[in-house]
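Next comes structure39.tsv, with TSV, N, CA and C atoms.
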chain	number	residue	atom	x	y	z
A	426	MET	N	22.31	15.39	-0.38
A	426	MET	CA	23.08	14.83	-1.48
A	426	MET	C	24.18	13.95	-0.91
A	427	THR	N	24.30	12.76	-1.44
A	427	THR	CA	25.31	11.83	-0.96
A	427	THR	C	26.68	12.18	-1.54
A	428	SER	N	27.71	11.62	-0.97
A	428	SER	CA	29.06	11.88	-1.47
A	428	SER	C	29.23	11.33	-2.88
A	429	ASP	N	28.55	10.22	-3.18
A	429	ASP	CA	28.60	9.65	-4.53
A	429	ASP	C	27.97	10.61	-5.55
A	430	GLN	N	26.86	11.21	-5.18
A	430	GLN	CA	26.19	12.17	-6.07
A	430	GLN	C	27.07	13.41	-6.27
A	431	ARG	N	27.69	13.86	-5.20
A	431	ARG	CA	28.59	15.02	-5.31
A	431	ARG	C	29.77	14.69	-6.22
A	432	ALA	N	30.31	13.50	-6.10
A	432	ALA	CA	31.45	13.09	-6.93
A	432	ALA	C	31.04	13.03	-8.41
A	433	ARG	N	29.85	12.47	-8.69
A	433	ARG	CA	29.36	12.41	-10.07
A	433	ARG	C	29.15	13.80	-10.64
A	434	ARG	N	28.56	14.67	-9.83
A	434	ARG	CA	28.33	16.04	-10.28
A	434	ARG	C	29.65	16.76	-10.57
A	435	ARG	N	30.63	16.54	-9.71
A	435	ARG	CA	31.95	17.15	-9.89
A	435	ARG	C	32.62	16.66	-11.17
A	436	ARG	N	32.53	15.35	-11.43
A	436	ARG	CA	33.10	14.80	-12.66
A	436	ARG	C	32.43	15.39	-13.89
A	437	ALA	N	31.11	15.52	-13.84
A	437	ALA	CA	30.36	16.10	-14.96
A	437	ALA	C	30.78	17.56	-15.18
A	438	GLU	N	30.96	18.29	-14.10
A	438	GLU	CA	31.41	19.69	-14.20
A	438	GLU	C	32.78	19.77	-14.85
A	439	LEU	N	33.69	18.92	-14.43
A	439	LEU	CA	35.04	18.91	-15.01
A	439	LEU	C	35.01	18.51	-16.48
A	440	ARG	N	34.18	17.53	-16.83
A	440	ARG	CA	34.03	17.10	-18.22
A	440	ARG	C	33.49	18.27	-19.07
A	441	GLY	N	32.54	19.00	-18.52
A	441	GLY	CA	31.97	20.15	-19.22
A	441	GLY	C	32.99	21.26	-19.44
A	442	ARG	N	33.77	21.54	-18.43
A	442	ARG	CA	34.81	22.58	-18.57
A	442	ARG	C	35.86	22.17	-19.60
A	443	ALA	N	36.26	20.91	-19.58
A	443	ALA	CA	37.23	20.43	-20.57
A	443	ALA	C	36.65	20.55	-21.97
A	444	ALA	N	35.37	20.24	-22.14
A	444	ALA	CA	34.72	20.36	-23.44
A	444	ALA	C	34.71	21.82	-23.90
A	445	GLU	N	34.50	22.75	-22.98
A	445	GLU	CA	34.51	24.17	-23.33
A	445	GLU	C	35.89	24.61	-23.80
A	446	TRP	N	36.93	24.12	-23.14
A	446	TRP	CA	38.30	24.44	-23.58
A	446	TRP	C	38.55	23.88	-24.97
A	447	PHE	N	38.10	22.66	-25.20
A	447	PHE	CA	38.25	22.02	-26.50
A	447	PHE	C	37.54	22.84	-27.58
A	448	ALA	N	36.32	23.27	-27.29
A	448	ALA	CA	35.53	24.07	-28.23
A	448	ALA	C	36.21	25.42	-28.49
A	449	ALA	N	36.71	26.05	-27.43
A	449	ALA	CA	37.39	27.34	-27.59
A	449	ALA	C	38.61	27.19	-28.50
A	450	ALA	N	39.36	26.11	-28.33
A	450	ALA	CA	40.52	25.86	-29.18
A	450	ALA	C	40.09	25.70	-30.64
A	451	MET	N	38.96	25.02	-30.86
A	451	MET	CA	38.46	24.85	-32.24
A	451	MET	C	38.18	26.21	-32.88
A	452	TYR	N	37.60	27.11	-32.14
A	452	TYR	CA	37.28	28.43	-32.68
A	452	TYR	C	38.54	29.26	-32.87
A	453	LEU	N	39.47	29.21	-31.92
A	453	LEU	CA	40.72	29.97	-32.04
A	453	LEU	C	41.51	29.52	-33.26
A	454	ILE	N	41.58	28.23	-33.50
A	454	ILE	CA	42.29	27.69	-34.66
A	454	ILE	C	41.68	28.20	-35.96
A	455	ARG	N	40.37	28.43	-35.95
A	455	ARG	CA	39.67	28.91	-37.15
A	455	ARG	C	39.69	30.44	-37.27
A	456	GLY	N	40.44	31.10	-36.41
A	456	GLY	CA	40.60	32.54	-36.53
A	456	GLY	C	39.61	33.38	-35.75
A	457	TYR	N	38.85	32.78	-34.87
A	457	TYR	CA	37.92	33.53	-34.04
A	457	TYR	C	38.65	34.05	-32.80
A	458	ARG	N	38.08	35.08	-32.21
A	458	ARG	CA	38.55	35.60	-30.94
A	458	ARG	C	37.44	35.32	-29.92
A	459	ILE	N	37.80	34.80	-28.77
A	459	ILE	CA	36.81	34.53	-27.73
A	459	ILE	C	36.50	35.85	-27.03
A	460	VAL	N	35.25	36.28	-27.16
A	460	VAL	CA	34.80	37.55	-26.60
A	460	VAL	C	34.35	37.36	-25.15
A	461	ALA	N	33.68	36.26	-24.88
A	461	ALA	CA	33.21	35.97	-23.53
A	461	ALA	C	33.17	34.47	-23.31
A	462	TRP	N	33.33	34.11	-22.07
A	462	TRP	CA	33.40	32.70	-21.67
A	462	TRP	C	32.43	32.51	-20.52
A	463	ARG	N	31.55	31.54	-20.61
A	463	ARG	CA	30.59	31.23	-19.55
A	463	ARG	C	29.80	32.47	-19.12
A	464	TYR	N	29.21	33.13	-20.09
A	464	TYR	CA	28.39	34.32	-19.83
A	464	TYR	C	27.09	33.86	-19.18
A	465	ARG	N	26.86	34.28	-17.94
A	465	ARG	CA	25.68	33.83	-17.19
A	465	ARG	C	24.84	35.01	-16.72
A	466	ARG	N	23.55	34.85	-16.88
A	466	ARG	CA	22.57	35.77	-16.34
A	466	ARG	C	21.41	34.93	-15.84
A	467	LYS	N	20.46	35.56	-15.15
A	467	LYS	CA	19.31	34.81	-14.65
A	467	LYS	C	18.53	34.16	-15.79
A	468	THR	N	18.54	34.79	-16.95
A	468	THR	CA	17.77	34.27	-18.09
A	468	THR	C	18.39	33.02	-18.70
A	469	GLY	N	19.71	32.86	-18.57
A	469	GLY	CA	20.36	31.70	-19.17
A	469	GLY	C	21.87	31.86	-19.20
A	470	GLU	N	22.51	30.97	-19.93
A	470	GLU	CA	23.98	30.96	-20.01
A	470	GLU	C	24.41	30.67	-21.44
A	471	VAL	N	25.50	31.33	-21.84
A	471	VAL	CA	26.15	31.05	-23.12
A	471	VAL	C	27.55	30.58	-22.77
A	472	ASP	N	27.92	29.40	-23.28
A	472	ASP	CA	29.23	28.84	-22.94
A	472	ASP	C	30.37	29.65	-23.52
A	473	LEU	N	30.29	29.97	-24.81
A	473	LEU	CA	31.33	30.76	-25.48
A	473	LEU	C	30.68	31.77	-26.42
A	474	ILE	N	31.31	32.93	-26.50
A	474	ILE	CA	30.92	33.91	-27.52
A	474	ILE	C	32.20	34.21	-28.28
A	475	ALA	N	32.17	33.92	-29.58
A	475	ALA	CA	33.36	34.06	-30.40
A	475	ALA	C	33.07	35.02	-31.55
A	476	ARG	N	34.10	35.78	-31.92
A	476	ARG	CA	33.94	36.75	-33.00
A	476	ARG	C	35.02	36.54	-34.06
A	477	ARG	N	34.58	36.61	-35.30
A	477	ARG	CA	35.52	36.65	-36.43
A	477	ARG	C	34.93	37.61	-37.43
A	478	GLY	N	35.61	38.71	-37.65
A	478	GLY	CA	35.10	39.73	-38.56
A	478	GLY	C	33.77	40.26	-38.06
A	479	ALA	N	32.77	40.22	-38.92
A	479	ALA	CA	31.44	40.74	-38.57
A	479	ALA	C	30.50	39.63	-38.11
A	480	THR	N	31.05	38.51	-37.67
A	480	THR	CA	30.22	37.39	-37.19
A	480	THR	C	30.43	37.19	-35.70
A	481	LEU	N	29.32	37.12	-34.98
A	481	LEU	CA	29.34	36.76	-33.57
A	481	LEU	C	28.69	35.39	-33.45
A	482	ALA	N	29.45	34.43	-32.96
A	482	ALA	CA	28.93	33.08	-32.77
A	482	ALA	C	28.70	32.85	-31.29
A	483	PHE	N	27.44	32.57	-30.94
A	483	PHE	CA	27.07	32.19	-29.59
A	483	PHE	C	27.09	30.67	-29.56
A	484	VAL	N	27.94	30.09	-28.74
A	484	VAL	CA	28.24	28.67	-28.81
A	484	VAL	C	27.74	27.93	-27.57
A	485	GLU	N	26.92	26.92	-27.81
A	485	GLU	CA	26.48	26.00	-26.75
A	485	GLU	C	27.34	24.75	-26.85
A	486	VAL	N	28.05	24.42	-25.79
A	486	VAL	CA	28.93	23.26	-25.75
A	486	VAL	C	28.25	22.18	-24.92
A	487	LYS	N	28.15	20.98	-25.48
A	487	LYS	CA	27.56	19.85	-24.76
A	487	LYS	C	28.51	18.67	-24.82
A	488	ALA	N	28.79	18.09	-23.66
A	488	ALA	CA	29.63	16.90	-23.56
A	488	ALA	C	28.75	15.73	-23.12
A	489	ARG	N	28.77	14.68	-23.90
A	489	ARG	CA	28.00	13.47	-23.59
A	489	ARG	C	28.83	12.26	-24.02
A	490	ARG	N	28.27	11.09	-23.79
A	490	ARG	CA	28.98	9.85	-24.16
A	490	ARG	C	29.10	9.68	-25.68
A	491	ASP	N	28.13	10.21	-26.42
A	491	ASP	CA	28.25	10.17	-27.88
A	491	ASP	C	27.76	11.50	-28.47
A	492	ILE	N	28.21	11.76	-29.67
A	492	ILE	CA	27.95	13.04	-30.34
A	492	ILE	C	26.45	13.29	-30.50
A	493	ASP	N	25.70	12.29	-30.95
A	493	ASP	CA	24.26	12.47	-31.16
A	493	ASP	C	23.54	12.85	-29.88
A	494	ALA	N	23.90	12.22	-28.78
A	494	ALA	CA	23.28	12.54	-27.49
A	494	ALA	C	23.59	13.98	-27.09
A	495	ALA	N	24.79	14.44	-27.39
A	495	ALA	CA	25.17	15.82	-27.07
A	495	ALA	C	24.34	16.81	-27.89
A	496	ILE	N	24.14	16.51	-29.16
A	496	ILE	CA	23.35	17.40	-30.02
A	496	ILE	C	21.89	17.41	-29.56
A	497	GLU	N	21.35	16.25	-29.25
A	497	GLU	CA	19.96	16.15	-28.81
A	497	GLU	C	19.72	16.83	-27.46
A	498	ALA	N	20.77	17.02	-26.68
A	498	ALA	CA	20.63	17.67	-25.38
A	498	ALA	C	20.30	19.16	-25.51
A	499	VAL	N	20.51	19.71	-26.68
A	499	VAL	CA	20.16	21.12	-26.92
A	499	VAL	C	18.70	21.15	-27.38
A	500	ASP	N	17.82	21.04	-26.39
A	500	ASP	CA	16.38	20.96	-26.66
A	500	ASP	C	15.77	22.37	-26.76
A	501	PRO	N	14.49	22.48	-27.11
A	501	PRO	CA	13.86	23.81	-27.26
A	501	PRO	C	13.96	24.69	-26.01
A	502	ARG	N	13.83	24.11	-24.84
A	502	ARG	CA	13.94	24.90	-23.60
A	502	ARG	C	15.35	25.47	-23.46
A	503	THR	N	16.35	24.64	-23.72
A	503	THR	CA	17.74	25.08	-23.67
A	503	THR	C	17.97	26.21	-24.67
A	504	ARG	N	17.43	26.05	-25.86
A	504	ARG	CA	17.59	27.08	-26.89
A	504	ARG	C	16.97	28.40	-26.48
A	505	ARG	N	15.77	28.37	-25.91
A	505	ARG	CA	15.11	29.60	-25.47
A	505	ARG	C	15.94	30.34	-24.43
A	506	ARG	N	16.44	29.60	-23.44
A	506	ARG	CA	17.27	30.22	-22.39
A	506	ARG	C	18.58	30.76	-22.98
A	507	PHE	N	19.15	30.01	-23.90
A	507	PHE	CA	20.39	30.40	-24.57
A	507	PHE	C	20.17	31.69	-25.35
A	508	GLU	N	19.09	31.75	-26.13
A	508	GLU	CA	18.77	32.94	-26.92
A	508	GLU	C	18.55	34.16	-26.02
A	509	ALA	N	17.86	33.97	-24.90
A	509	ALA	CA	17.62	35.08	-23.97
A	509	ALA	C	18.94	35.62	-23.43
A	510	ALA	N	19.86	34.74	-23.09
A	510	ALA	CA	21.16	35.17	-22.60
A	510	ALA	C	21.94	35.89	-23.70
A	511	ALA	N	21.85	35.40	-24.93
A	511	ALA	CA	22.54	36.05	-26.05
A	511	ALA	C	21.99	37.46	-26.28
A	512	ARG	N	20.67	37.59	-26.25
A	512	ARG	CA	20.07	38.93	-26.40
A	512	ARG	C	20.54	39.86	-25.29
A	513	ARG	N	20.61	39.34	-24.08
A	513	ARG	CA	21.06	40.14	-22.94
A	513	ARG	C	22.51	40.59	-23.14
A	514	PHE	N	23.35	39.68	-23.61
A	514	PHE	CA	24.74	40.03	-23.88
A	514	PHE	C	24.82	41.17	-24.89
A	515	LEU	N	24.05	41.05	-25.98
A	515	LEU	CA	24.07	42.08	-27.02
A	515	LEU	C	23.60	43.43	-26.49
A	516	SER	N	22.54	43.43	-25.69
A	516	SER	CA	22.04	44.70	-25.17
A	516	SER	C	23.03	45.32	-24.18
A	517	GLU	N	23.66	44.50	-23.35
A	517	GLU	CA	24.66	45.02	-22.41
A	517	GLU	C	25.88	45.57	-23.15
A	518	ALA	N	26.32	44.86	-24.19
A	518	ALA	CA	27.48	45.31	-24.96
A	518	ALA	C	27.17	46.62	-25.69
A	519	GLU	N	25.96	46.73	-26.20
A	519	GLU	CA	25.55	47.97	-26.88
A	519	GLU	C	25.49	49.12	-25.88
A	520	ALA	N	24.95	48.88	-24.68
A	520	ALA	CA	24.84	49.92	-23.66
A	520	ALA	C	26.22	50.41	-23.22
A	521	ARG	N	27.20	49.51	-23.18
A	521	ARG	CA	28.58	49.88	-22.82
A	521	ARG	C	29.31	50.57	-23.97
A	522	GLY	N	28.72	50.49	-25.16
A	522	GLY	CA	29.38	51.04	-26.33
A	522	GLY	C	30.44	50.11	-26.89
A	523	ALA	N	30.42	48.86	-26.45
A	523	ALA	CA	31.43	47.89	-26.88
A	523	ALA	C	31.18	47.39	-28.30
A	524	LEU	N	29.92	47.35	-28.70
A	524	LEU	CA	29.62	46.92	-30.06
A	524	LEU	C	28.22	47.37	-30.45
A	525	ARG	N	28.01	47.43	-31.76
A	525	ARG	CA	26.69	47.72	-32.30
A	525	ARG	C	26.13	46.41	-32.83
A	526	PRO	N	25.12	45.86	-32.19
A	526	PRO	CA	24.58	44.56	-32.61
A	526	PRO	C	24.17	44.51	-34.08
A	527	ASP	N	23.70	45.63	-34.63
A	527	ASP	CA	23.28	45.62	-36.02
A	527	ASP	C	24.46	45.50	-36.98
A	528	ALA	N	25.68	45.63	-36.48
A	528	ALA	CA	26.87	45.52	-37.32
A	528	ALA	C	27.38	44.08	-37.42
A	529	PHE	N	26.69	43.15	-36.74
A	529	PHE	CA	27.16	41.77	-36.70
A	529	PHE	C	26.10	40.80	-37.20
A	530	ALA	N	26.57	39.76	-37.82
A	530	ALA	CA	25.71	38.61	-38.13
A	530	ALA	C	25.78	37.72	-36.90
A	531	VAL	N	24.65	37.44	-36.29
A	531	VAL	CA	24.60	36.62	-35.09
A	531	VAL	C	24.25	35.19	-35.48
A	532	ARG	N	24.97	34.26	-34.89
A	532	ARG	CA	24.80	32.85	-35.21
A	532	ARG	C	24.79	32.04	-33.94
A	533	TYR	N	23.96	30.99	-33.90
A	533	TYR	CA	23.92	30.08	-32.76
A	533	TYR	C	24.54	28.75	-33.20
A	534	ASP	N	25.64	28.39	-32.56
A	534	ASP	CA	26.37	27.17	-32.89
A	534	ASP	C	26.26	26.16	-31.74
A	535	ILE	N	26.46	24.91	-32.10
A	535	ILE	CA	26.57	23.84	-31.10
A	535	ILE	C	27.92	23.16	-31.32
A	536	VAL	N	28.62	22.91	-30.24
A	536	VAL	CA	29.80	22.04	-30.29
A	536	VAL	C	29.48	20.84	-29.40
A	537	ALA	N	29.36	19.69	-30.03
A	537	ALA	CA	29.07	18.44	-29.34
A	537	ALA	C	30.38	17.70	-29.13
A	538	VAL	N	30.65	17.33	-27.88
A	538	VAL	CA	31.91	16.68	-27.55
A	538	VAL	C	31.63	15.31	-26.92
A	539	ALA	N	32.34	14.31	-27.42
A	539	ALA	CA	32.26	12.95	-26.86
A	539	ALA	C	33.69	12.42	-26.80
A	540	GLY	N	34.24	12.36	-25.60
A	540	GLY	CA	35.62	11.92	-25.45
A	540	GLY	C	36.56	12.91	-26.12
A	541	PHE	N	37.35	12.41	-27.07
A	541	PHE	CA	38.28	13.28	-27.80
A	541	PHE	C	37.76	13.62	-29.19
A	542	ARG	N	36.47	13.43	-29.39
A	542	ARG	CA	35.86	13.77	-30.68
A	542	ARG	C	34.92	14.95	-30.46
A	543	ALA	N	34.84	15.79	-31.47
A	543	ALA	CA	33.93	16.94	-31.38
A	543	ALA	C	33.33	17.20	-32.75
A	544	LYS	N	32.12	17.71	-32.74
A	544	LYS	CA	31.44	18.10	-33.97
A	544	LYS	C	30.91	19.51	-33.77
A	545	ARG	N	31.28	20.40	-34.68
A	545	ARG	CA	30.80	21.78	-34.61
A	545	ARG	C	29.69	21.94	-35.63
A	546	ILE	N	28.56	22.43	-35.16
A	546	ILE	CA	27.42	22.69	-36.05
A	546	ILE	C	27.24	24.20	-36.10
A	547	LYS	N	27.67	24.79	-37.21
A	547	LYS	CA	27.52	26.22	-37.40
A	547	LYS	C	26.06	26.53	-37.71
A	548	ASP	N	25.59	27.63	-37.15
A	548	ASP	CA	24.23	28.10	-37.42
A	548	ASP	C	23.23	26.96	-37.18
A	549	ALA	N	23.32	26.36	-36.01
A	549	ALA	CA	22.54	25.16	-35.67
A	549	ALA	C	21.04	25.41	-35.64
A	550	TRP	N	20.64	26.64	-35.32
A	550	TRP	CA	19.22	26.99	-35.33
A	550	TRP	C	19.08	28.48	-35.45
A	551	ARG	N	17.90	28.91	-35.79
A	551	ARG	CA	17.55	30.34	-35.87
A	551	ARG	C	16.73	30.70	-34.64
A	552	GLU	N	16.85	31.94	-34.22
A	552	GLU	CA	16.12	32.36	-33.04
A	552	GLU	C	14.64	32.12	-33.21
A	553	GLY	N	14.04	31.57	-32.16
A	553	GLY	CA	12.61	31.31	-32.15
A	553	GLY	C	12.22	29.96	-32.71
A	554	GLU	N	13.18	29.18	-33.20
A	554	GLU	CA	12.84	27.84	-33.76
A	554	GLU	C	12.59	26.87	-32.65

For the structure just supplied, provide its representation as structure tokens.
Amino acid sequence: MTSDQRARRRRAELRGRAAEWFAAAMYLIRGYRIVAWRYRRKTGEVDLIARRGATLAFVEVKARRDIDAAIEAVDPRTRRRFEAAARRFLSEAEARGALRPDAFAVRYDIVAVAGFRAKRIKDAWREGE
């Protein structure tokens, strides 16, 4: 990998982290509590897990040059890996006694970020779609 490629990758990583902070702020302002941040397992990754009342929102954050490109980046493969990680989180939390998954409405959200603009899509898809 060349130094130029490393620099581009580093900038993309920083842009992604900033987008996650922006998304977290959006959820906090709306009264959610961030339960987990950058939850990673071999099966996949969930950028944010937010809770408000009996709702657990599993949030995929995408930063691109425009909002539509960010939304389109959440393709079927990404969704499958995301869902697998969400299921893993729920089973681990249940095993720890931290929560009962059947007591929560689970939702998959997308936060698309482009520059200083963001669009939150609540309940962006259903599992298995």

Exercise. What are the DSSP strand (DSSP E) residues of segment 455-537 of chain A, as a PyMOL selection string?
Worked result: chain A and resi 458-466+469-477+480-488+530-537

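Our summary of the geometry notes that atom N of Glu485 of chain A is positioned 23.5 Å from atom C of Gly522 of chain A.
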
For this session: Point out the residue among A:Asp429, A:Asp491, A:Glu517, A:Glu552 with the least atom-to-atom distance to Ala539 of chain A, counting only N, CA and C atoms.
Result: A:Asp491

Exercise. Tell me, which residues of chain A carry DSSP alpha helix (DSSP H), written as a ChimeraX atom specification?
Worked result: /A:428-454,492-497,501-521

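Across A:Ile492, A:Ala510, A:Ile535, A:Leu439, the tightest approach to Trp550 of chain A is made by A:Ile535 when counting all atoms listed in the file.
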
For this session: Fewer than 4 positions away in the same chain doesn't count, so skip those; otherwise give me all residues within 6.5 Å of Gly469 of chain A, counting all atoms listed in the file, as a ChimeraX atom specification.
Result: /A:464-465,506-507,509-510

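Atom to atom, atom N of Val499 of chain A and atom N of Arg436 of chain A stand 19.9 Å apart.
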
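By all atoms listed in the file, and with residues fewer than 3 positions from segment 546-549 of chain A along its chain excluded, the set lying at most 7 Å from it is Arg532, Tyr533, Asp534, Ile535, Val536 and Ala537 of chain A.
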
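Our summary of the geometry notes that atom C of Ala482 of chain A is positioned 11.2 Å from atom CA of Leu515 of chain A.
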
For this session: Could you give me, as a ChimeraX atom specification, the residues that have an atom at most 12 Å away from the point (24.6, 46.4, -35.3) in the coordinates of the file, using only C-alpha atoms?
Result: /A:479-481,515-516,518-519,522-531

Saved selection, atoms kept: N, CA and C atoms, as a short mmCIF file (atom, residue, chain, number, x, y, z; two decimals), in the coordinates of the input:
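The resulting file, result.cif, is shown below:
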data_model
loop_
_atom_site.label_atom_id
_atom_site.label_comp_id
_atom_site.auth_asym_id
_atom_site.auth_seq_id
_atom_site.Cartn_x
_atom_site.Cartn_y
_atom_site.Cartn_z
N ALA A 479 32.77 40.22 -38.92
CA ALA A 479 31.44 40.74 -38.57
C ALA A 479 30.50 39.63 -38.11
N THR A 480 31.05 38.51 -37.67
CA THR A 480 30.22 37.39 -37.19
C THR A 480 30.43 37.19 -35.70
N LEU A 481 29.32 37.12 -34.98
CA LEU A 481 29.34 36.76 -33.57
C LEU A 481 28.69 35.39 -33.45
N LEU A 515 24.05 41.05 -25.98
CA LEU A 515 24.07 42.08 -27.02
C LEU A 515 23.60 43.43 -26.49
N SER A 516 22.54 43.43 -25.69
CA SER A 516 22.04 44.70 -25.17
C SER A 516 23.03 45.32 -24.18
N ALA A 518 26.32 44.86 -24.19
CA ALA A 518 27.48 45.31 -24.96
C ALA A 518 27.17 46.62 -25.69
N GLU A 519 25.96 46.73 -26.20
CA GLU A 519 25.55 47.97 -26.88
C GLU A 519 25.49 49.12 -25.88
N GLY A 522 28.72 50.49 -25.16
CA GLY A 522 29.38 51.04 -26.33
C GLY A 522 30.44 50.11 -26.89
N ALA A 523 30.42 48.86 -26.45
CA ALA A 523 31.43 47.89 -26.88
C ALA A 523 31.18 47.39 -28.30
N LEU A 524 29.92 47.35 -28.70
CA LEU A 524 29.62 46.92 -30.06
C LEU A 524 28.22 47.37 -30.45
N ARG A 525 28.01 47.43 -31.76
CA ARG A 525 26.69 47.72 -32.30
C ARG A 525 26.13 46.41 -32.83
N PRO A 526 25.12 45.86 -32.19
CA PRO A 526 24.58 44.56 -32.61
C PRO A 526 24.17 44.51 -34.08
N ASP A 527 23.70 45.63 -34.63
CA ASP A 527 23.28 45.62 -36.02
C ASP A 527 24.46 45.50 -36.98
N ALA A 528 25.68 45.63 -36.48
CA ALA A 528 26.87 45.52 -37.32
C ALA A 528 27.38 44.08 -37.42
N PHE A 529 26.69 43.15 -36.74
CA PHE A 529 27.16 41.77 -36.70
C PHE A 529 26.10 40.80 -37.20
N ALA A 530 26.57 39.76 -37.82
CA ALA A 530 25.71 38.61 -38.13
C ALA A 530 25.78 37.72 -36.90
N VAL A 531 24.65 37.44 -36.29
CA VAL A 531 24.60 36.62 -35.09
C VAL A 531 24.25 35.19 -35.48
#

Close residues, segment 446-463 of chain A itself excluded, 6 Å, only N, CA and C atoms, min 5 positions apart in chain, as a PDB file with N, CA and C atoms, keeping the file's coordinate frame:
ATOM      1  N   VAL A 471      25.500  31.330 -21.840  1.00  0.00           N
ATOM      2  CA  VAL A 471      26.150  31.050 -23.120  1.00  0.00           C
ATOM      3  C   VAL A 471      27.550  30.580 -22.770  1.00  0.00           C
ATOM      4  N   ASP A 472      27.920  29.400 -23.280  1.00  0.00           N
ATOM      5  CA  ASP A 472      29.230  28.840 -22.940  1.00  0.00           C
ATOM      6  C   ASP A 472      30.370  29.650 -23.520  1.00  0.00           C
ATOM      7  N   LEU A 473      30.290  29.970 -24.810  1.00  0.00           N
ATOM      8  CA  LEU A 473      31.330  30.760 -25.480  1.00  0.00           C
ATOM      9  C   LEU A 473      30.680  31.770 -26.420  1.00  0.00           C
ATOM     10  N   ILE A 474      31.310  32.930 -26.500  1.00  0.00           N
ATOM     11  CA  ILE A 474      30.920  33.910 -27.520  1.00  0.00           C
ATOM     12  C   ILE A 474      32.200  34.210 -28.280  1.00  0.00           C
ATOM     13  N   ALA A 475      32.170  33.920 -29.580  1.00  0.00           N
ATOM     14  CA  ALA A 475      33.360  34.060 -30.400  1.00  0.00           C
ATOM     15  C   ALA A 475      33.070  35.020 -31.550  1.00  0.00           C
ATOM     16  N   ARG A 476      34.100  35.780 -31.920  1.00  0.00           N
ATOM     17  CA  ARG A 476      33.940  36.750 -33.000  1.00  0.00           C
ATOM     18  C   ARG A 476      35.020  36.540 -34.060  1.00  0.00           C
ATOM     19  N   ARG A 477      34.580  36.610 -35.300  1.00  0.00           N
ATOM     20  CA  ARG A 477      35.520  36.650 -36.430  1.00  0.00           C
ATOM     21  C   ARG A 477      34.930  37.610 -37.430  1.00  0.00           C
TER      22      ARG A 477
END

Problem set entry | Residue neighbourhood Ala488 of chain A, 9 Å, only C-alpha atoms, exclusion window fewer than 2 positions, as a ChimeraX atom specification | /A:437,440-441,443-445,486,490-492,494-495,536-540,543
